[in-house]
Amino acid sequence: MSNGQRRTAQRPSAAVGAVAAAADPLQQAHALYAQRQWSAAEPLCRSVLDAQPEHPGALTLLGIMLAQTGRAPQAVDLFERAARSTPGNAEAHNNLGSALRTLGRYQDALDCYERALALEPRFAQAHYNRGVTLYDLCRYHEAVQSYDQALALEPRHAQAWNNRGTALRELQRLEEALASYERAIVVNPDHAGAHSNRGATLHRLRRYDEALACFDRAIAIAPKSAETHANRGATLTTLERFDEALACFERAIAIDSECADAYFNRAVALARVQRFPEALASVDRALSLGRRDAAVYRCRGDVLWALKRFEETIASYAQALTLDPQSPFLRGECCHVRMRICDWSDLERDSSAMTAAIERGEAVVPPFVLLALLDSPVLQRKAAAIYAREKVRPQTALPLPPRRCRDGKIRLGYFSADFRTHAVSLLTAGLFESHDRSRFELTAFALGPDTRDGMRTRLETAFDRFVPVDRMADRDIAALARRLHIDIAIDLGGYTRDCRPGILALRAAPIQVSYLGYLGTMGCEFIDYLIADPVLVPPASRQHYSEQIAYLPSYQVNDSRRPLPGTALARAALGLPAEAFVFCCFNNSYKITPETFDSWMRILSAVPASVLFLLGGTAAVERNLRRQAQIRQVTPERLVFGHSLPVEQYLARFRAADLFLDTLPYNAGTTASDALWAGLPVLTLPGQAMAARMAASILTAAGLPELIAAGRADYERQAIGLATDPQRLAALRQRLSDNRRRCALFDTAAFTRDIEALFVRMHDRHHAGLPPEHLSAPPP
């Protein structure tokens, strides 16, 4: 969304009007100027100046024509001469100010307007031009005061009302700005800029339908306004009407191929539909056209992040933060990208600053990012509540859905952007297929694009109804869920990437549940239940969650139909030494903290014939971690990096390792289950928050609670002990192999029965008119 129509200063003006027939050259020049025959008027002015070089009238009129034909430097020279020749003429100083502003000499222009007003305090045009220049200098309060003075003298000055609104908008006084634009429209109903600016302000107020109506009115008046088309497209992007938005940007660019706002807003829309290379080209074009504000650099960083160009992402985010240190949530996003490449250079400082900002209620870090930074359920709830406040307010509220009669099956709606080959779907596919169809009807709301992979195909047949909604607006998806009479909406994404919490904020279903994808509280009132187990959320910790906790015996679902991994991949093919003890961790790199890495290096130091096998993928990750190892006096070559593999090879790779070492404060989730399924023991160190207790929950369900360390020292002691006690490690492996098909962790049928029992209890409470409450785990 651009800042609004240009705030043009009024043109320099000549005090002498045109005459129909004139005897002397200057009068003839005025007549020709009035008829816009400037090329004929200019020689006449020059002839007067040849005879009288300091003639104020000729200097002024010629200066005006030069200014209006793009020759501002020459105009300034003429206006300066006119002001010197008539120092008491306020209009001469006003004209000089207007020409200086055209050259970007804002302070000099302001000085000229001050001199004009000292001579003539009731000079409305000078007050107006002073306001325009103060706006250019970002002195918005003073700009509003100048416009007020101009309007007190000339209340029907439509452009002053318009510009006043734009200054008020910069001051975040949005309702006052709206009123100012409305006054401009009363004075001049066909003021296209005021209609467009009013639309931009309504957009900021989240009154999107009204904003579109304003843009449509502005375009009807001035169809060639590229800026208005760009602003209309930005509103359509917010409404997730991406095809219409992109058409708006194309029209804007066709009108003005150098409209930077159109290229920027186009980049935002292209990123939202995951056309990232095109989005990068579009935002770079906006930059090349001179749009260099924080929003542009942030957009560029977002696109580079999606393209996994992390070091460039950090550079773009840093530029955005330099321009706007308060850019919502950006400091946390930048920290997260640094964590992705294991750049910990500013981590301690950033963590302290973000902690203080969260305590102040500031929008500094997205809740998902915080899971990997701080093991604090208190701060995580506060951060989630801030995010919900800033990002998840419904665009337009829907009325509460009426309680419908019980009519047979309970209708479940699963909402996810990850119905593809993704951790969430790999875990849940068996659940969807195992649901009791005599009691439940299943609808998938697919929020992500169709990847056309094998998992997507499998899931399309696992549901009674599979609905692609990735190109629909939140409001339309919520309305669709209501039309389908969904009883329980299960959000599998939470605040993870490509999440759409705005759908449930509109109350898509009478009962709304958070499960699996996001390991934390949503910090909002529109999620009724959070599914957990007693290890994951101990009853004493429930006050840190905004939801009611619905307990299962075991939290994480798994797909028991998943084939067991084949033969272990050869160590040599993976770059691993044949005889060494192989510790491994295939968690995402952003989960590795300096404290965890310290433990790992102490473990390697205590077990000389060992290596650490990690997930690499980028040169920056590998370079930074090897440097950190060297700092801790561990040979960098003892870190071995693997890369992404197809699912079958990915599981087989676990068999090349001896022990999985978990991370804190963000534990392994799916990766821990994968390791156990492949027969690899996992050692974890639990914390306080939900994400920090995930692996403990998994190990409890797998029947291996002894691998849950009692503290960091115990974590390191157990790792060293297992590496140096082959018999104990072999016994653990055998127990894992024997129990794999029988333990709760991999019993999809039992899990399905348990979660269905929870859904029935939620449904029964709702139909009894009872509010949500904590639900204990069903008996085994």
# chains A, B, ... in the order shown; residues from 1 in each chain; ligands from 1
$ select_by_dssp --residues "region 553-730 of chain A" --states "strand (DSSP E or B)" --output "list in words"
Phe581, Val582, Phe583, Cys584, Cys585, Ser610, Val611, Leu612, Phe613, Leu614, Leu615, Leu639, Val640, Phe641, Gly642, Leu659, Phe660, Leu661, Val682, Leu683, Thr684 and Ile708 of chain A
$ write_last_selection --atoms "N, CA, C and O atoms" --output "PDB file, in the first residue's frame"
ATOM      1  N   PHE A 581      32.205 -44.482  16.572  1.00  0.00           N
ATOM      2  CA  PHE A 581      30.868 -44.382  17.145  1.00  0.00           C
ATOM      3  C   PHE A 581      30.217 -43.141  16.533  1.00  0.00           C
ATOM      4  O   PHE A 581      30.786 -42.041  16.575  1.00  0.00           O
ATOM      5  N   VAL A 582      29.016 -43.300  15.979  1.00  0.00           N
ATOM      6  CA  VAL A 582      28.353 -42.207  15.262  1.00  0.00           C
ATOM      7  C   VAL A 582      27.186 -41.669  16.098  1.00  0.00           C
ATOM      8  O   VAL A 582      26.148 -42.324  16.243  1.00  0.00           O
ATOM      9  N   PHE A 583      27.418 -40.509  16.692  1.00  0.00           N
ATOM     10  CA  PHE A 583      26.301 -39.738  17.236  1.00  0.00           C
ATOM     11  C   PHE A 583      25.645 -39.001  16.069  1.00  0.00           C
ATOM     12  O   PHE A 583      26.328 -38.617  15.105  1.00  0.00           O
ATOM     13  N   CYS A 584      24.347 -38.779  16.163  1.00  0.00           N
ATOM     14  CA  CYS A 584      23.712 -38.028  15.075  1.00  0.00           C
ATOM     15  C   CYS A 584      22.608 -37.138  15.615  1.00  0.00           C
ATOM     16  O   CYS A 584      22.084 -37.339  16.717  1.00  0.00           O
ATOM     17  N   CYS A 585      22.270 -36.137  14.832  1.00  0.00           N
ATOM     18  CA  CYS A 585      21.076 -35.324  15.065  1.00  0.00           C
ATOM     19  C   CYS A 585      20.651 -34.766  13.712  1.00  0.00           C
ATOM     20  O   CYS A 585      21.409 -34.019  13.076  1.00  0.00           O
ATOM     21  N   SER A 610      34.817 -41.032  17.931  1.00  0.00           N
ATOM     22  CA  SER A 610      33.413 -40.762  17.607  1.00  0.00           C
ATOM     23  C   SER A 610      33.329 -39.575  16.659  1.00  0.00           C
ATOM     24  O   SER A 610      34.249 -38.747  16.565  1.00  0.00           O
ATOM     25  N   VAL A 611      32.191 -39.514  15.947  1.00  0.00           N
ATOM     26  CA  VAL A 611      31.886 -38.372  15.071  1.00  0.00           C
ATOM     27  C   VAL A 611      30.439 -37.962  15.325  1.00  0.00           C
ATOM     28  O   VAL A 611      29.661 -38.704  15.931  1.00  0.00           O
ATOM     29  N   LEU A 612      30.104 -36.757  14.870  1.00  0.00           N
ATOM     30  CA  LEU A 612      28.733 -36.247  14.985  1.00  0.00           C
ATOM     31  C   LEU A 612      28.186 -36.045  13.579  1.00  0.00           C
ATOM     32  O   LEU A 612      28.743 -35.272  12.790  1.00  0.00           O
ATOM     33  N   PHE A 613      27.108 -36.750  13.278  1.00  0.00           N
ATOM     34  CA  PHE A 613      26.491 -36.744  11.942  1.00  0.00           C
ATOM     35  C   PHE A 613      25.285 -35.804  12.002  1.00  0.00           C
ATOM     36  O   PHE A 613      24.334 -36.040  12.751  1.00  0.00           O
ATOM     37  N   LEU A 614      25.333 -34.721  11.229  1.00  0.00           N
ATOM     38  CA  LEU A 614      24.317 -33.672  11.269  1.00  0.00           C
ATOM     39  C   LEU A 614      23.696 -33.454   9.899  1.00  0.00           C
ATOM     40  O   LEU A 614      24.256 -33.843   8.868  1.00  0.00           O
ATOM     41  N   LEU A 615      22.556 -32.785   9.918  1.00  0.00           N
ATOM     42  CA  LEU A 615      21.890 -32.400   8.673  1.00  0.00           C
ATOM     43  C   LEU A 615      22.506 -31.097   8.193  1.00  0.00           C
ATOM     44  O   LEU A 615      22.465 -30.082   8.888  1.00  0.00           O
ATOM     45  N   LEU A 639      32.811 -33.460  12.483  1.00  0.00           N
ATOM     46  CA  LEU A 639      31.424 -33.164  12.118  1.00  0.00           C
ATOM     47  C   LEU A 639      31.221 -33.603  10.669  1.00  0.00           C
ATOM     48  O   LEU A 639      31.955 -33.177   9.765  1.00  0.00           O
ATOM     49  N   VAL A 640      30.266 -34.484  10.467  1.00  0.00           N
ATOM     50  CA  VAL A 640      29.952 -34.990   9.130  1.00  0.00           C
ATOM     51  C   VAL A 640      28.535 -34.538   8.789  1.00  0.00           C
ATOM     52  O   VAL A 640      27.635 -34.611   9.631  1.00  0.00           O
ATOM     53  N   PHE A 641      28.350 -34.058   7.579  1.00  0.00           N
ATOM     54  CA  PHE A 641      27.056 -33.497   7.203  1.00  0.00           C
ATOM     55  C   PHE A 641      26.382 -34.336   6.120  1.00  0.00           C
ATOM     56  O   PHE A 641      27.011 -34.729   5.129  1.00  0.00           O
ATOM     57  N   GLY A 642      25.111 -34.594   6.346  1.00  0.00           N
ATOM     58  CA  GLY A 642      24.287 -35.257   5.343  1.00  0.00           C
ATOM     59  C   GLY A 642      23.310 -34.264   4.733  1.00  0.00           C
ATOM     60  O   GLY A 642      23.145 -33.145   5.224  1.00  0.00           O
ATOM     61  N   LEU A 659      23.563 -43.465  17.981  1.00  0.00           N
ATOM     62  CA  LEU A 659      22.747 -42.812  19.008  1.00  0.00           C
ATOM     63  C   LEU A 659      22.337 -41.431  18.501  1.00  0.00           C
ATOM     64  O   LEU A 659      23.178 -40.671  18.008  1.00  0.00           O
ATOM     65  N   PHE A 660      21.040 -41.137  18.655  1.00  0.00           N
ATOM     66  CA  PHE A 660      20.502 -39.820  18.262  1.00  0.00           C
ATOM     67  C   PHE A 660      20.546 -38.904  19.483  1.00  0.00           C
ATOM     68  O   PHE A 660      20.023 -39.243  20.552  1.00  0.00           O
ATOM     69  N   LEU A 661      21.156 -37.722  19.333  1.00  0.00           N
ATOM     70  CA  LEU A 661      21.225 -36.723  20.395  1.00  0.00           C
ATOM     71  C   LEU A 661      20.218 -35.608  20.093  1.00  0.00           C
ATOM     72  O   LEU A 661      20.289 -34.976  19.043  1.00  0.00           O
ATOM     73  N   VAL A 682      17.072 -42.709  20.929  1.00  0.00           N
ATOM     74  CA  VAL A 682      17.100 -41.250  20.990  1.00  0.00           C
ATOM     75  C   VAL A 682      17.312 -40.844  22.438  1.00  0.00           C
ATOM     76  O   VAL A 682      16.589 -41.298  23.335  1.00  0.00           O
ATOM     77  N   LEU A 683      18.270 -39.967  22.680  1.00  0.00           N
ATOM     78  CA  LEU A 683      18.521 -39.420  24.016  1.00  0.00           C
ATOM     79  C   LEU A 683      18.058 -37.972  24.036  1.00  0.00           C
ATOM     80  O   LEU A 683      18.492 -37.166  23.196  1.00  0.00           O
ATOM     81  N   THR A 684      17.188 -37.624  24.981  1.00  0.00           N
ATOM     82  CA  THR A 684      16.650 -36.266  25.018  1.00  0.00           C
ATOM     83  C   THR A 684      16.869 -35.617  26.364  1.00  0.00           C
ATOM     84  O   THR A 684      17.032 -36.292  27.388  1.00  0.00           O
ATOM     85  N   ILE A 708      15.283 -40.362  28.842  1.00  0.00           N
ATOM     86  CA  ILE A 708      14.917 -38.978  29.151  1.00  0.00           C
ATOM     87  C   ILE A 708      15.854 -38.511  30.254  1.00  0.00           C
ATOM     88  O   ILE A 708      15.762 -38.955  31.403  1.00  0.00           O
TER      89      ILE A 708
END
$ residues_around --residues "region 376-390 of chain A" --least-positions-apart "6" --cutoff "8 Å" --atoms "only C-alpha atoms" --output "PyMOL selection string"
chain A and resi 355+358-359+361-363+365-367+370+520-524+544-546+688-690
$ select_by_dssp --residues "region 371-472 of chain A" --states "alpha helix (DSSP H)" --output "ChimeraX atom specification"
/A:371,377-391,423-434,454-462
$ closest_residue --among "A:Ala211, A:Arg741, A:Tyr106, A:Tyr590" --to "Cys334 (chain A)" --atoms "only C-alpha atoms"
A:Tyr590
$ closest_residue --among "A:Ala540, A:Leu304, A:Ala294, A:Ala695" --to "Asn587 (chain A)" --atoms "only C-alpha atoms"
A:Ala695
$ residues_around --residues "Tyr128 (chain A)" --least-positions-apart "5" --cutoff "10 Å" --atoms "only C-alpha atoms" --output "PyMOL selection string"
chain A and resi 8-10+113+123+133-134+143-151+154+157+159-160+163-164
$ residues_around --residues "Glu547 (chain A)" --least-positions-apart "2" --cutoff "9 Å" --atoms "only C-alpha atoms" --output "ChimeraX atom specification"
/A:513-514,521-530,542,545,549-550,772-774
$ write_last_selection --atoms "N, CA, C and O atoms" --output "PDB file, in the first residue's frame"
ATOM      1  N   VAL A 513      -9.920 -26.888  17.526  1.00  0.00           N
ATOM      2  CA  VAL A 513      -8.885 -27.653  18.221  1.00  0.00           C
ATOM      3  C   VAL A 513      -7.543 -27.420  17.544  1.00  0.00           C
ATOM      4  O   VAL A 513      -7.451 -27.366  16.315  1.00  0.00           O
ATOM      5  N   SER A 514      -6.491 -27.315  18.354  1.00  0.00           N
ATOM      6  CA  SER A 514      -5.124 -27.243  17.836  1.00  0.00           C
ATOM      7  C   SER A 514      -4.419 -28.566  18.106  1.00  0.00           C
ATOM      8  O   SER A 514      -4.453 -29.061  19.239  1.00  0.00           O
ATOM      9  N   THR A 521       0.978 -22.913  22.771  1.00  0.00           N
ATOM     10  CA  THR A 521      -0.343 -22.312  22.849  1.00  0.00           C
ATOM     11  C   THR A 521      -0.536 -21.309  21.719  1.00  0.00           C
ATOM     12  O   THR A 521       0.417 -20.661  21.284  1.00  0.00           O
ATOM     13  N   MET A 522      -1.762 -21.175  21.259  1.00  0.00           N
ATOM     14  CA  MET A 522      -2.080 -20.172  20.252  1.00  0.00           C
ATOM     15  C   MET A 522      -2.310 -18.803  20.893  1.00  0.00           C
ATOM     16  O   MET A 522      -2.355 -17.796  20.197  1.00  0.00           O
ATOM     17  N   GLY A 523      -2.488 -18.763  22.212  1.00  0.00           N
ATOM     18  CA  GLY A 523      -2.610 -17.490  22.908  1.00  0.00           C
ATOM     19  C   GLY A 523      -3.817 -16.669  22.509  1.00  0.00           C
ATOM     20  O   GLY A 523      -3.774 -15.440  22.526  1.00  0.00           O
ATOM     21  N   CYS A 524      -4.905 -17.346  22.133  1.00  0.00           N
ATOM     22  CA  CYS A 524      -6.082 -16.638  21.629  1.00  0.00           C
ATOM     23  C   CYS A 524      -7.337 -17.300  22.181  1.00  0.00           C
ATOM     24  O   CYS A 524      -7.285 -18.382  22.755  1.00  0.00           O
ATOM     25  N   GLU A 525      -8.469 -16.660  21.953  1.00  0.00           N
ATOM     26  CA  GLU A 525      -9.716 -17.189  22.501  1.00  0.00           C
ATOM     27  C   GLU A 525     -10.483 -18.058  21.517  1.00  0.00           C
ATOM     28  O   GLU A 525     -11.469 -18.686  21.902  1.00  0.00           O
ATOM     29  N   PHE A 526     -10.044 -18.126  20.276  1.00  0.00           N
ATOM     30  CA  PHE A 526     -10.839 -18.860  19.290  1.00  0.00           C
ATOM     31  C   PHE A 526     -10.440 -20.330  19.151  1.00  0.00           C
ATOM     32  O   PHE A 526     -11.066 -21.063  18.394  1.00  0.00           O
ATOM     33  N   ILE A 527      -9.390 -20.759  19.835  1.00  0.00           N
ATOM     34  CA  ILE A 527      -9.059 -22.186  19.888  1.00  0.00           C
ATOM     35  C   ILE A 527      -9.543 -22.714  21.231  1.00  0.00           C
ATOM     36  O   ILE A 527      -9.103 -22.262  22.295  1.00  0.00           O
ATOM     37  N   ASP A 528     -10.437 -23.670  21.188  1.00  0.00           N
ATOM     38  CA  ASP A 528     -11.052 -24.165  22.418  1.00  0.00           C
ATOM     39  C   ASP A 528     -10.173 -25.184  23.133  1.00  0.00           C
ATOM     40  O   ASP A 528     -10.078 -25.173  24.370  1.00  0.00           O
ATOM     41  N   TYR A 529      -9.573 -26.084  22.368  1.00  0.00           N
ATOM     42  CA  TYR A 529      -8.814 -27.182  22.972  1.00  0.00           C
ATOM     43  C   TYR A 529      -7.442 -27.297  22.309  1.00  0.00           C
ATOM     44  O   TYR A 529      -7.286 -27.086  21.102  1.00  0.00           O
ATOM     45  N   LEU A 530      -6.462 -27.659  23.113  1.00  0.00           N
ATOM     46  CA  LEU A 530      -5.144 -28.062  22.642  1.00  0.00           C
ATOM     47  C   LEU A 530      -4.952 -29.517  23.042  1.00  0.00           C
ATOM     48  O   LEU A 530      -5.059 -29.857  24.227  1.00  0.00           O
ATOM     49  N   ARG A 542      -0.784 -26.045  33.074  1.00  0.00           N
ATOM     50  CA  ARG A 542      -1.907 -25.682  32.204  1.00  0.00           C
ATOM     51  C   ARG A 542      -2.185 -24.186  32.186  1.00  0.00           C
ATOM     52  O   ARG A 542      -2.767 -23.681  31.218  1.00  0.00           O
ATOM     53  N   TYR A 545      -1.317 -21.978  29.058  1.00  0.00           N
ATOM     54  CA  TYR A 545      -1.974 -22.259  27.779  1.00  0.00           C
ATOM     55  C   TYR A 545      -3.344 -21.601  27.774  1.00  0.00           C
ATOM     56  O   TYR A 545      -4.099 -21.716  28.743  1.00  0.00           O
ATOM     57  N   ILE A 549      -6.886 -28.085  27.891  1.00  0.00           N
ATOM     58  CA  ILE A 549      -6.039 -29.201  27.453  1.00  0.00           C
ATOM     59  C   ILE A 549      -6.885 -30.468  27.368  1.00  0.00           C
ATOM     60  O   ILE A 549      -7.535 -30.869  28.342  1.00  0.00           O
ATOM     61  N   ALA A 550      -6.877 -31.061  26.172  1.00  0.00           N
ATOM     62  CA  ALA A 550      -7.554 -32.347  25.961  1.00  0.00           C
ATOM     63  C   ALA A 550      -6.466 -33.417  25.922  1.00  0.00           C
ATOM     64  O   ALA A 550      -5.661 -33.471  24.984  1.00  0.00           O
ATOM     65  N   PRO A 772     -16.049 -25.390  26.967  1.00  0.00           N
ATOM     66  CA  PRO A 772     -14.903 -26.302  26.962  1.00  0.00           C
ATOM     67  C   PRO A 772     -14.249 -26.351  28.339  1.00  0.00           C
ATOM     68  O   PRO A 772     -14.229 -25.364  29.077  1.00  0.00           O
ATOM     69  N   GLU A 773     -13.711 -27.520  28.686  1.00  0.00           N
ATOM     70  CA  GLU A 773     -12.955 -27.674  29.928  1.00  0.00           C
ATOM     71  C   GLU A 773     -11.838 -28.673  29.679  1.00  0.00           C
ATOM     72  O   GLU A 773     -11.808 -29.376  28.659  1.00  0.00           O
ATOM     73  N   HIS A 774     -10.875 -28.725  30.598  1.00  0.00           N
ATOM     74  CA  HIS A 774      -9.807 -29.712  30.472  1.00  0.00           C
ATOM     75  C   HIS A 774     -10.405 -31.111  30.452  1.00  0.00           C
ATOM     76  O   HIS A 774     -11.296 -31.436  31.241  1.00  0.00           O
TER      77      HIS A 774
END
$ closest_residue --among "A:Pro121, A:Pro538, A:Gly448, A:Gly721" --to "Val607 (chain A)" --atoms "only C-alpha atoms"
A:Gly721
$ residues_around --residues "Ser351 (chain A)" --least-positions-apart "6" --cutoff "10 Å" --atoms "only C-alpha atoms" --output "MDAnalysis selection string"
chainID A and resid 332 335 357 365 370 373:374
$ closest_residue --among "A:Asp350, A:Asp714, A:Asp284, A:Glu240" --to "Val469 (chain A)" --atoms "only C-alpha atoms"
A:Glu240
$ residues_around --residues "region 55-59 of chain A" --least-positions-apart "6" --cutoff "10 Å" --atoms "only C-alpha atoms" --output "VMD selection string"
chain A and resid 14 to 16 25 to 27 29 to 30 42 44 to 49 75 77 to 86 89 92
$ write_last_selection --atoms "N, CA and C atoms" --output "PDB file, in the first residue's frame"
ATOM      1  N   ALA A  14       1.676  33.961 -11.041  1.00  0.00           N
ATOM      2  CA  ALA A  14       1.921  35.337 -11.470  1.00  0.00           C
ATOM      3  C   ALA A  14       0.764  36.205 -11.026  1.00  0.00           C
ATOM      4  N   ALA A  15       1.062  37.368 -10.519  1.00  0.00           N
ATOM      5  CA  ALA A  15       0.003  38.223  -9.980  1.00  0.00           C
ATOM      6  C   ALA A  15      -0.805  38.894 -11.081  1.00  0.00           C
ATOM      7  N   VAL A  16      -0.254  38.941 -12.269  1.00  0.00           N
ATOM      8  CA  VAL A  16      -0.927  39.668 -13.355  1.00  0.00           C
ATOM      9  C   VAL A  16      -1.707  38.691 -14.218  1.00  0.00           C
ATOM     10  N   PRO A  25       5.012  43.766 -24.712  1.00  0.00           N
ATOM     11  CA  PRO A  25       5.364  42.346 -24.796  1.00  0.00           C
ATOM     12  C   PRO A  25       4.980  41.534 -23.561  1.00  0.00           C
ATOM     13  N   LEU A  26       5.112  42.130 -22.355  1.00  0.00           N
ATOM     14  CA  LEU A  26       4.799  41.359 -21.159  1.00  0.00           C
ATOM     15  C   LEU A  26       3.308  41.043 -21.084  1.00  0.00           C
ATOM     16  N   GLN A  27       2.495  42.002 -21.439  1.00  0.00           N
ATOM     17  CA  GLN A  27       1.051  41.728 -21.453  1.00  0.00           C
ATOM     18  C   GLN A  27       0.718  40.667 -22.498  1.00  0.00           C
ATOM     19  N   ALA A  29       2.727  38.302 -23.425  1.00  0.00           N
ATOM     20  CA  ALA A  29       3.220  37.029 -22.873  1.00  0.00           C
ATOM     21  C   ALA A  29       2.211  36.447 -21.897  1.00  0.00           C
ATOM     22  N   HIS A  30       1.621  37.331 -21.040  1.00  0.00           N
ATOM     23  CA  HIS A  30       0.604  36.850 -20.107  1.00  0.00           C
ATOM     24  C   HIS A  30      -0.585  36.261 -20.849  1.00  0.00           C
ATOM     25  N   GLU A  42       7.455  32.632 -24.061  1.00  0.00           N
ATOM     26  CA  GLU A  42       8.802  32.699 -23.493  1.00  0.00           C
ATOM     27  C   GLU A  42       9.688  33.730 -24.177  1.00  0.00           C
ATOM     28  N   LEU A  44       8.874  36.454 -25.610  1.00  0.00           N
ATOM     29  CA  LEU A  44       8.432  37.792 -25.258  1.00  0.00           C
ATOM     30  C   LEU A  44       8.961  38.203 -23.886  1.00  0.00           C
ATOM     31  N   CYS A  45       8.922  37.247 -22.918  1.00  0.00           N
ATOM     32  CA  CYS A  45       9.488  37.540 -21.597  1.00  0.00           C
ATOM     33  C   CYS A  45      10.981  37.850 -21.702  1.00  0.00           C
ATOM     34  N   ARG A  46      11.667  37.066 -22.499  1.00  0.00           N
ATOM     35  CA  ARG A  46      13.109  37.282 -22.623  1.00  0.00           C
ATOM     36  C   ARG A  46      13.410  38.632 -23.268  1.00  0.00           C
ATOM     37  N   SER A  47      12.550  39.045 -24.197  1.00  0.00           N
ATOM     38  CA  SER A  47      12.784  40.362 -24.817  1.00  0.00           C
ATOM     39  C   SER A  47      12.634  41.480 -23.796  1.00  0.00           C
ATOM     40  N   VAL A  48      11.675  41.313 -22.854  1.00  0.00           N
ATOM     41  CA  VAL A  48      11.534  42.314 -21.797  1.00  0.00           C
ATOM     42  C   VAL A  48      12.779  42.325 -20.918  1.00  0.00           C
ATOM     43  N   LEU A  49      13.295  41.152 -20.591  1.00  0.00           N
ATOM     44  CA  LEU A  49      14.459  41.068 -19.731  1.00  0.00           C
ATOM     45  C   LEU A  49      15.729  41.555 -20.425  1.00  0.00           C
ATOM     46  N   ALA A  75      14.635  28.190 -13.294  1.00  0.00           N
ATOM     47  CA  ALA A  75      13.536  28.899 -12.652  1.00  0.00           C
ATOM     48  C   ALA A  75      13.972  29.477 -11.311  1.00  0.00           C
ATOM     49  N   ASP A  77      16.901  30.486 -10.408  1.00  0.00           N
ATOM     50  CA  ASP A  77      17.707  31.694 -10.643  1.00  0.00           C
ATOM     51  C   ASP A  77      16.809  32.900 -10.903  1.00  0.00           C
ATOM     52  N   LEU A  78      15.772  32.722 -11.722  1.00  0.00           N
ATOM     53  CA  LEU A  78      14.878  33.829 -12.029  1.00  0.00           C
ATOM     54  C   LEU A  78      14.076  34.265 -10.814  1.00  0.00           C
ATOM     55  N   PHE A  79      13.581  33.306 -10.018  1.00  0.00           N
ATOM     56  CA  PHE A  79      12.792  33.652  -8.823  1.00  0.00           C
ATOM     57  C   PHE A  79      13.671  34.347  -7.777  1.00  0.00           C
ATOM     58  N   GLU A  80      14.933  33.941  -7.670  1.00  0.00           N
ATOM     59  CA  GLU A  80      15.833  34.622  -6.737  1.00  0.00           C
ATOM     60  C   GLU A  80      16.032  36.076  -7.145  1.00  0.00           C
ATOM     61  N   ARG A  81      16.177  36.299  -8.426  1.00  0.00           N
ATOM     62  CA  ARG A  81      16.342  37.681  -8.906  1.00  0.00           C
ATOM     63  C   ARG A  81      15.073  38.492  -8.658  1.00  0.00           C
ATOM     64  N   ALA A  82      13.911  37.838  -8.875  1.00  0.00           N
ATOM     65  CA  ALA A  82      12.644  38.551  -8.639  1.00  0.00           C
ATOM     66  C   ALA A  82      12.488  38.902  -7.159  1.00  0.00           C
ATOM     67  N   ALA A  83      12.870  37.962  -6.265  1.00  0.00           N
ATOM     68  CA  ALA A  83      12.752  38.219  -4.829  1.00  0.00           C
ATOM     69  C   ALA A  83      13.695  39.331  -4.390  1.00  0.00           C
ATOM     70  N   ARG A  84      14.889  39.368  -4.991  1.00  0.00           N
ATOM     71  CA  ARG A  84      15.828  40.437  -4.627  1.00  0.00           C
ATOM     72  C   ARG A  84      15.322  41.804  -5.105  1.00  0.00           C
ATOM     73  N   SER A  85      14.687  41.779  -6.257  1.00  0.00           N
ATOM     74  CA  SER A  85      14.237  43.072  -6.800  1.00  0.00           C
ATOM     75  C   SER A  85      12.993  43.585  -6.087  1.00  0.00           C
ATOM     76  N   THR A  86      12.191  42.678  -5.493  1.00  0.00           N
ATOM     77  CA  THR A  86      10.986  43.094  -4.753  1.00  0.00           C
ATOM     78  C   THR A  86      10.960  42.352  -3.420  1.00  0.00           C
ATOM     79  N   ASN A  89       7.716  41.439  -1.531  1.00  0.00           N
ATOM     80  CA  ASN A  89       6.659  40.739  -2.259  1.00  0.00           C
ATOM     81  C   ASN A  89       6.584  39.284  -1.767  1.00  0.00           C
ATOM     82  N   ALA A  92       6.702  36.469  -4.413  1.00  0.00           N
ATOM     83  CA  ALA A  92       8.001  36.148  -4.994  1.00  0.00           C
ATOM     84  C   ALA A  92       8.725  35.100  -4.155  1.00  0.00           C
TER      85      ALA A  92
END
$ closest_residue --among "A:Phe463, A:Phe329, A:Tyr555, A:Phe759" --to "Ile511 (chain A)" --atoms "only C-alpha atoms"
A:Phe759
